[in-house]
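Content type mmCIF, C-alpha atoms, from the file input38.cif:
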data_protein
loop_
_atom_site.group_PDB
_atom_site.id
_atom_site.type_symbol
_atom_site.label_atom_id
_atom_site.label_comp_id
_atom_site.auth_asym_id
_atom_site.auth_seq_id
_atom_site.Cartn_x
_atom_site.Cartn_y
_atom_site.Cartn_z
ATOM 1 C CA MET A 11 -15.789 15.648 6.634
ATOM 2 C CA TYR A 12 -17.118 12.351 7.910
ATOM 3 C CA SER A 13 -14.793 9.521 8.732
ATOM 4 C CA ASP A 14 -15.602 6.234 7.042
ATOM 5 C CA PHE A 15 -16.727 4.791 10.364
ATOM 6 C CA LEU A 16 -19.423 7.462 10.753
ATOM 7 C CA LEU A 17 -20.420 7.190 7.102
ATOM 8 C CA ILE A 18 -20.845 3.437 7.377
ATOM 9 C CA ARG A 19 -22.921 3.860 10.513
ATOM 10 C CA LYS A 20 -25.134 6.509 8.912
ATOM 11 C CA MET A 21 -25.553 4.421 5.764
ATOM 12 C CA LYS A 22 -26.567 1.405 7.855
ATOM 13 C CA GLN A 23 -29.179 3.674 9.446
ATOM 14 C CA GLY A 24 -30.457 4.508 5.961
ATOM 15 C CA GLU A 25 -29.383 8.156 5.670
ATOM 16 C CA GLU A 26 -29.340 8.956 1.952
ATOM 17 C CA THR A 27 -26.986 11.922 2.342
ATOM 18 C CA ALA A 28 -24.369 9.544 3.767
ATOM 19 C CA PHE A 29 -24.679 7.315 0.685
ATOM 20 C CA ASP A 30 -24.259 10.334 -1.602
ATOM 21 C CA PHE A 31 -21.266 11.609 0.341
ATOM 22 C CA PHE A 32 -19.632 8.163 0.345
ATOM 23 C CA VAL A 33 -19.986 7.772 -3.407
ATOM 24 C CA ARG A 34 -18.663 11.294 -4.063
ATOM 25 C CA LYS A 35 -15.726 10.601 -1.741
ATOM 26 C CA TYR A 36 -14.521 7.490 -3.573
ATOM 27 C CA TYR A 37 -16.091 7.532 -7.036
ATOM 28 C CA GLN A 38 -13.281 9.265 -8.935
ATOM 29 C CA GLU A 39 -10.548 7.091 -7.398
ATOM 30 C CA ILE A 40 -12.399 3.876 -8.195
ATOM 31 C CA LEU A 41 -13.228 5.091 -11.715
ATOM 32 C CA THR A 42 -9.572 5.930 -12.383
ATOM 33 C CA TYR A 43 -8.526 2.540 -11.052
ATOM 34 C CA CYS A 44 -11.048 0.772 -13.286
ATOM 35 C CA TYR A 45 -10.034 2.828 -16.302
ATOM 36 C CA HIS A 46 -6.406 1.800 -15.890
ATOM 37 C CA HIS A 47 -7.437 -1.836 -15.772
ATOM 38 C CA CYS A 48 -10.102 -1.716 -18.452
ATOM 39 C CA PRO A 49 -9.396 0.675 -21.338
ATOM 40 C CA ASP A 50 -13.063 0.692 -22.410
ATOM 41 C CA LYS A 51 -14.307 3.916 -20.810
ATOM 42 C CA ALA A 52 -17.983 2.985 -20.811
ATOM 43 C CA TYR A 53 -17.278 -0.397 -19.271
ATOM 44 C CA SER A 54 -14.995 1.238 -16.671
ATOM 45 C CA GLU A 55 -17.885 3.447 -15.623
ATOM 46 C CA ASP A 56 -20.147 0.390 -15.416
ATOM 47 C CA ILE A 57 -17.585 -1.460 -13.291
ATOM 48 C CA THR A 58 -17.307 1.553 -10.985
ATOM 49 C CA GLN A 59 -21.059 1.696 -10.505
ATOM 50 C CA GLU A 60 -21.205 -2.046 -9.970
ATOM 51 C CA THR A 61 -18.459 -1.720 -7.334
ATOM 52 C CA PHE A 62 -20.611 0.627 -5.280
ATOM 53 C CA LEU A 63 -23.737 -1.473 -5.830
ATOM 54 C CA ARG A 64 -21.976 -4.565 -4.529
ATOM 55 C CA PHE A 65 -20.569 -2.649 -1.576
ATOM 56 C CA PHE A 66 -24.030 -1.358 -0.660
ATOM 57 C CA ALA A 67 -25.547 -4.816 -1.095
ATOM 58 C CA LYS A 68 -23.090 -6.195 1.482
ATOM 59 C CA LEU A 69 -23.330 -3.137 3.743
ATOM 60 C CA PRO A 70 -25.521 -4.783 6.423
ATOM 61 C CA ASP A 71 -22.819 -7.442 6.920
ATOM 62 C CA TYR A 72 -19.872 -5.045 6.509
ATOM 63 C CA SER A 73 -17.789 -4.538 9.616
ATOM 64 C CA TYR A 74 -15.680 -1.379 9.524
ATOM 65 C CA GLN A 75 -12.011 -2.125 10.152
ATOM 66 C CA GLY A 76 -10.429 1.049 8.814
ATOM 67 C CA LYS A 77 -9.919 -0.248 5.272
ATOM 68 C CA THR A 78 -13.034 0.792 3.385
ATOM 69 C CA LYS A 79 -11.146 2.122 0.360
ATOM 70 C CA ASN A 80 -9.130 -1.109 0.151
ATOM 71 C CA TYR A 81 -12.377 -3.085 0.168
ATOM 72 C CA LEU A 82 -13.697 -0.949 -2.716
ATOM 73 C CA TYR A 83 -10.454 -1.521 -4.650
ATOM 74 C CA THR A 84 -10.777 -5.262 -4.062
ATOM 75 C CA ILE A 85 -14.336 -5.309 -5.404
ATOM 76 C CA ALA A 86 -13.319 -3.189 -8.413
ATOM 77 C CA GLY A 87 -10.259 -5.362 -9.062
ATOM 78 C CA ASN A 88 -12.364 -8.517 -9.084
ATOM 79 C CA LEU A 89 -14.860 -6.933 -11.468
ATOM 80 C CA CYS A 90 -12.021 -5.869 -13.785
ATOM 81 C CA LYS A 91 -10.645 -9.423 -13.749
ATOM 82 C CA ASP A 92 -14.112 -10.691 -14.663
ATOM 83 C CA TYR A 93 -14.131 -8.249 -17.591
ATOM 84 C CA PHE A 94 -10.918 -9.734 -18.969
ATOM 85 C CA LYS A 95 -12.147 -13.291 -18.459
ATOM 86 C CA LYS A 96 -15.129 -12.436 -20.646
ATOM 87 C CA ARG A 97 -12.921 -10.813 -23.287
ATOM 88 C CA LYS A 98 -10.357 -13.632 -23.604
ATOM 89 C CA ASP A 99 -11.908 -14.888 -26.805
ATOM 90 C CA LEU A 100 -12.123 -11.456 -28.410
ATOM 91 C CA PRO A 101 -9.238 -9.945 -30.393
ATOM 92 C CA VAL A 102 -7.079 -7.609 -28.337
ATOM 93 C CA GLU A 103 -7.566 -3.935 -29.076
ATOM 94 C CA GLU A 104 -4.966 -1.248 -28.700
ATOM 95 C CA PRO A 105 -5.127 0.041 -25.118
ATOM 96 C CA ALA A 106 -6.317 3.581 -24.662
ATOM 97 C CA SER A 107 -4.813 5.813 -22.034
ATOM 98 C CA ASN A 108 -6.284 8.439 -19.819
ATOM 99 C CA ILE A 109 -4.834 11.249 -21.901
ATOM 100 C CA GLN A 110 -4.711 14.579 -20.207
ATOM 101 C CA THR A 111 -4.191 17.853 -21.998
ATOM 102 C CA ALA A 112 -0.923 17.689 -23.899
ATOM 103 C CA SER A 113 1.567 20.513 -23.883
ATOM 104 C CA ALA A 114 1.133 23.156 -26.562
ATOM 105 C CA GLU A 115 4.670 22.657 -27.934
ATOM 106 C CA HIS A 116 4.531 18.960 -28.871
ATOM 107 C CA PRO A 117 1.054 17.619 -28.200
ATOM 108 C CA MET A 118 1.284 14.686 -30.614
ATOM 109 C CA GLU A 119 4.615 13.538 -29.205
ATOM 110 C CA GLN A 120 3.253 13.631 -25.654
ATOM 111 C CA VAL A 121 0.141 11.694 -26.687
ATOM 112 C CA LEU A 122 2.279 9.058 -28.422
ATOM 113 C CA ASN A 123 4.502 8.751 -25.344
ATOM 114 C CA GLN A 124 1.480 8.273 -23.078
ATOM 115 C CA LEU A 125 0.030 5.652 -25.415
ATOM 116 C CA MET A 126 3.353 3.831 -25.555
ATOM 117 C CA VAL A 127 3.647 3.735 -21.753
ATOM 118 C CA ALA A 128 0.024 2.562 -21.422
ATOM 119 C CA TRP A 129 0.716 -0.174 -23.977
ATOM 120 C CA ALA A 130 3.902 -1.224 -22.157
ATOM 121 C CA ILE A 131 2.033 -1.450 -18.832
ATOM 122 C CA GLN A 132 -0.563 -3.686 -20.496
ATOM 123 C CA GLN A 133 2.271 -6.018 -21.562
ATOM 124 C CA LEU A 134 3.374 -6.592 -17.954
ATOM 125 C CA PRO A 135 2.201 -9.627 -16.012
ATOM 126 C CA THR A 136 -0.932 -8.828 -13.982
ATOM 127 C CA GLU A 137 0.825 -8.821 -10.596
ATOM 128 C CA LEU A 138 3.363 -6.255 -11.848
ATOM 129 C CA SER A 139 0.928 -3.994 -13.696
ATOM 130 C CA GLU A 140 -1.328 -3.975 -10.621
ATOM 131 C CA VAL A 141 1.476 -2.562 -8.453
ATOM 132 C CA VAL A 142 2.442 0.036 -11.087
ATOM 133 C CA ILE A 143 -1.141 1.242 -11.481
ATOM 134 C CA LEU A 144 -1.775 1.433 -7.754
ATOM 135 C CA HIS A 145 1.503 3.227 -7.035
ATOM 136 C CA TYR A 146 1.804 5.658 -9.935
ATOM 137 C CA PHE A 147 -1.776 6.242 -11.051
ATOM 138 C CA GLN A 148 -3.681 5.762 -7.790
ATOM 139 C CA GLU A 149 -0.798 7.274 -5.790
ATOM 140 C CA LEU A 150 -1.008 4.678 -3.045
ATOM 141 C CA LYS A 151 1.904 4.177 -0.683
ATOM 142 C CA LEU A 152 3.742 0.874 -0.874
ATOM 143 C CA THR A 153 2.397 -0.132 2.539
ATOM 144 C CA GLU A 154 -1.154 0.561 1.347
ATOM 145 C CA ILE A 155 -0.549 -1.570 -1.749
ATOM 146 C CA ALA A 156 0.747 -4.407 0.432
ATOM 147 C CA ALA A 157 -2.392 -4.281 2.576
ATOM 148 C CA LEU A 158 -4.693 -4.041 -0.433
ATOM 149 C CA LEU A 159 -3.117 -6.973 -2.267
ATOM 150 C CA HIS A 160 -2.601 -9.003 0.917
ATOM 151 C CA ILE A 161 1.128 -9.364 0.313
ATOM 152 C CA ARG A 162 4.176 -8.289 2.281
ATOM 153 C CA LEU A 163 5.946 -4.982 1.717
ATOM 154 C CA PRO A 164 9.187 -6.543 0.380
ATOM 155 C CA LEU A 165 7.165 -8.296 -2.323
ATOM 156 C CA VAL A 166 5.535 -4.997 -3.316
ATOM 157 C CA LYS A 167 8.979 -3.391 -3.602
ATOM 158 C CA TYR A 168 10.254 -6.347 -5.621
ATOM 159 C CA ARG A 169 7.286 -6.244 -7.998
ATOM 160 C CA LEU A 170 7.648 -2.500 -8.486
ATOM 161 C CA LYS A 171 11.357 -2.876 -9.260
ATOM 162 C CA GLN A 172 10.642 -5.755 -11.672
ATOM 163 C CA ALA A 173 7.914 -3.719 -13.356
ATOM 164 C CA LYS A 174 10.234 -0.738 -13.845
ATOM 165 C CA THR A 175 12.927 -2.986 -15.309
ATOM 166 C CA GLN A 176 10.506 -4.706 -17.674
ATOM 167 C CA LEU A 177 8.910 -1.403 -18.709
ATOM 168 C CA LYS A 178 12.314 0.111 -19.467
ATOM 169 C CA THR A 179 13.309 -2.960 -21.492
ATOM 170 C CA GLN A 180 10.009 -3.024 -23.366
ATOM 171 C CA LEU A 181 10.125 0.695 -24.187
ATOM 172 C CA GLU A 182 13.750 0.526 -25.315
ATOM 173 C CA LYS A 183 12.907 -2.503 -27.451
ATOM 174 C CA GLU A 184 10.211 -0.414 -29.132
ATOM 175 C CA GLY A 185 12.696 2.398 -29.773
ATOM 176 C CA PHE A 186 11.882 4.751 -26.895
ATOM 177 C CA HIS A 187 14.677 6.080 -24.694
ATOM 178 C CA GLU A 188 14.430 7.412 -21.142
ATOM 179 C CA SER A 189 13.854 10.888 -22.582
ATOM 180 C CA GLY A 190 10.617 9.500 -24.038
ATOM 181 C CA LYS A 191 11.638 10.153 -27.634
ATOM 182 C CA LYS A 192 12.313 7.757 -30.455
ATOM 183 C CA PRO A 193 15.887 7.804 -31.699
ATOM 184 C CA SER A 194 16.443 9.779 -34.851
ATOM 185 C CA GLY A 195 15.982 7.858 -38.041
ATOM 186 C CA LEU A 196 12.826 6.016 -36.892
#

Output the file's structure in the form of structure tokens.
Amino acid sequence: MYSDFLLIRKMKQGEETAFDFFVRKYYQEILTYCYHHCPDKAYSEDITQETFLRFFAKLPDYSYQGKTKNYLYTIAGNLCKDYFKKRKDLPVEEPASNIQTASAEHPMEQVLNQLMVAWAIQQLPTELSEVVILHYFQELKLTEIAALLHIRLPLVKYRLKQAKTQLKTQLEKEGFHESGKKPSGL
């Protein structure tokens, strides 16, 4: 496996296999990130492709500093923000979630729970939802999130705690308990 430093060097030399390897290495992570920020699957794929196109366009000027993935996340994050700026005037649609195969026992209940959590995350302020998505869906460490967002670690911890509190409040307000089930009678 190539390190990012070698990949960058080979890409700057014009080796097509390095470009292919680089895209395969990061594509799924960037796509997942975009999908969590932009529920429109087709547009998420477009944003992901645009992320790599912009990275490659700036490649001659790119100086490797050990944070290539963070740079890709930054590009993708900016493109996702642009998406929402364009959509401000449009009516808000129900957010979709990246639904994985539900359990055989209660598939509808699991799907509803996932949709409810996705909706609740969308209700959070941007700075809180960003931390939740990066930590729980992208599985980044808190220190990695701090570096990516250019904030200090205590602020990341604070935002994550605030997000959890607000999510719990929002879900309880909508009738969901910690078990993920609506109380009987609803």

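Closest approach to A:Leu159 among A:Tyr37, A:Tyr83, A:Phe65, A:Tyr53: A:Tyr83, based on all atoms listed in the file.
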
Counting only C-alpha atoms, the residue of A:Ile143, A:Leu17, A:Cys44, A:Ala157 that sits nearest A:Asp30: A:Leu17

What residues have an atom no more than 12 Å from (1.1, 4.8, -10.9) in the file's own frame, counting all atoms listed in the file, and can you write them as a PDB file with C-alpha atoms, in the frame of the given file?
ATOM      1  CA  THR A  42      -9.572   5.930 -12.383  1.00  0.00           C
ATOM      2  CA  TYR A  43      -8.526   2.540 -11.052  1.00  0.00           C
ATOM      3  CA  HIS A  46      -6.406   1.800 -15.890  1.00  0.00           C
ATOM      4  CA  HIS A  47      -7.437  -1.836 -15.772  1.00  0.00           C
ATOM      5  CA  VAL A 127       3.647   3.735 -21.753  1.00  0.00           C
ATOM      6  CA  ALA A 128       0.024   2.562 -21.422  1.00  0.00           C
ATOM      7  CA  ILE A 131       2.033  -1.450 -18.832  1.00  0.00           C
ATOM      8  CA  LEU A 138       3.363  -6.255 -11.848  1.00  0.00           C
ATOM      9  CA  SER A 139       0.928  -3.994 -13.696  1.00  0.00           C
ATOM     10  CA  GLU A 140      -1.328  -3.975 -10.621  1.00  0.00           C
ATOM     11  CA  VAL A 141       1.476  -2.562  -8.453  1.00  0.00           C
ATOM     12  CA  VAL A 142       2.442   0.036 -11.087  1.00  0.00           C
ATOM     13  CA  ILE A 143      -1.141   1.242 -11.481  1.00  0.00           C
ATOM     14  CA  LEU A 144      -1.775   1.433  -7.754  1.00  0.00           C
ATOM     15  CA  HIS A 145       1.503   3.227  -7.035  1.00  0.00           C
ATOM     16  CA  TYR A 146       1.804   5.658  -9.935  1.00  0.00           C
ATOM     17  CA  PHE A 147      -1.776   6.242 -11.051  1.00  0.00           C
ATOM     18  CA  GLN A 148      -3.681   5.762  -7.790  1.00  0.00           C
ATOM     19  CA  GLU A 149      -0.798   7.274  -5.790  1.00  0.00           C
ATOM     20  CA  LEU A 150      -1.008   4.678  -3.045  1.00  0.00           C
ATOM     21  CA  LYS A 151       1.904   4.177  -0.683  1.00  0.00           C
ATOM     22  CA  LEU A 152       3.742   0.874  -0.874  1.00  0.00           C
ATOM     23  CA  ILE A 155      -0.549  -1.570  -1.749  1.00  0.00           C
ATOM     24  CA  LEU A 170       7.648  -2.500  -8.486  1.00  0.00           C
ATOM     25  CA  ALA A 173       7.914  -3.719 -13.356  1.00  0.00           C
ATOM     26  CA  LYS A 174      10.234  -0.738 -13.845  1.00  0.00           C
TER      27      LYS A 174
END

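In this model, the gap between atom CA of A:Leu63 and atom CA of A:Asn88 comes to 13.8 Å.
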
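Taking atom CA of A:Lys178 as the reference point, atom CA of A:Leu122 is found at 16.2 Å.
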
Which residues match the PyMOL selection byres ((chain A and resi 54) around 10) in the file above, as a PyMOL selection string? chain A and resi 40-53+55-60+86+89-90+93

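Here the question is which of A:Lys183, A:Lys171, A:Gln133, A:Leu16 gets nearest to A:Tyr74 using only C-alpha atoms, and that residue is A:Leu16.
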
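Relative to atom CA of A:Leu163, atom CA of A:Arg64 is found at 28.6 Å.
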
Just want the 9 Å neighbourhood of A:Asp14, counted on all atoms listed in the file, with same-chain residues fewer than 4 positions away dropped. Output as a VMD selection string. chain A and resid 18 to 19 32 74 76 to 78

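For the choices A:Asp92, A:Phe31, A:Glu184, A:Asn80, the atom-to-atom distance to A:Met126 is smallest for A:Glu184 when using only C-alpha atoms.
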
Using all atoms listed in the file, the best pick from A:Ser13, A:Asp71, A:Leu165, A:Glu119 as closest to A:Thr153 would be A:Leu165

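With only C-alpha atoms as the basis for measurement, A:Thr84 is the residue among A:Thr136, A:Thr27, A:Gln172, A:Thr84 that approaches A:Thr61 most closely.
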
If you take every atom of stretch 154-162 of chain A that the file lists and fit an axis-aligned box around them with 6 Å extra on each side, what centre and edge lengths come out in Å to one decimal, as AutoDock Vina command-line options?
--center_x -0.3 --center_y -4.4 --center_z 0.2 --size_x 20.9 --size_y 21.9 --size_z 16.8
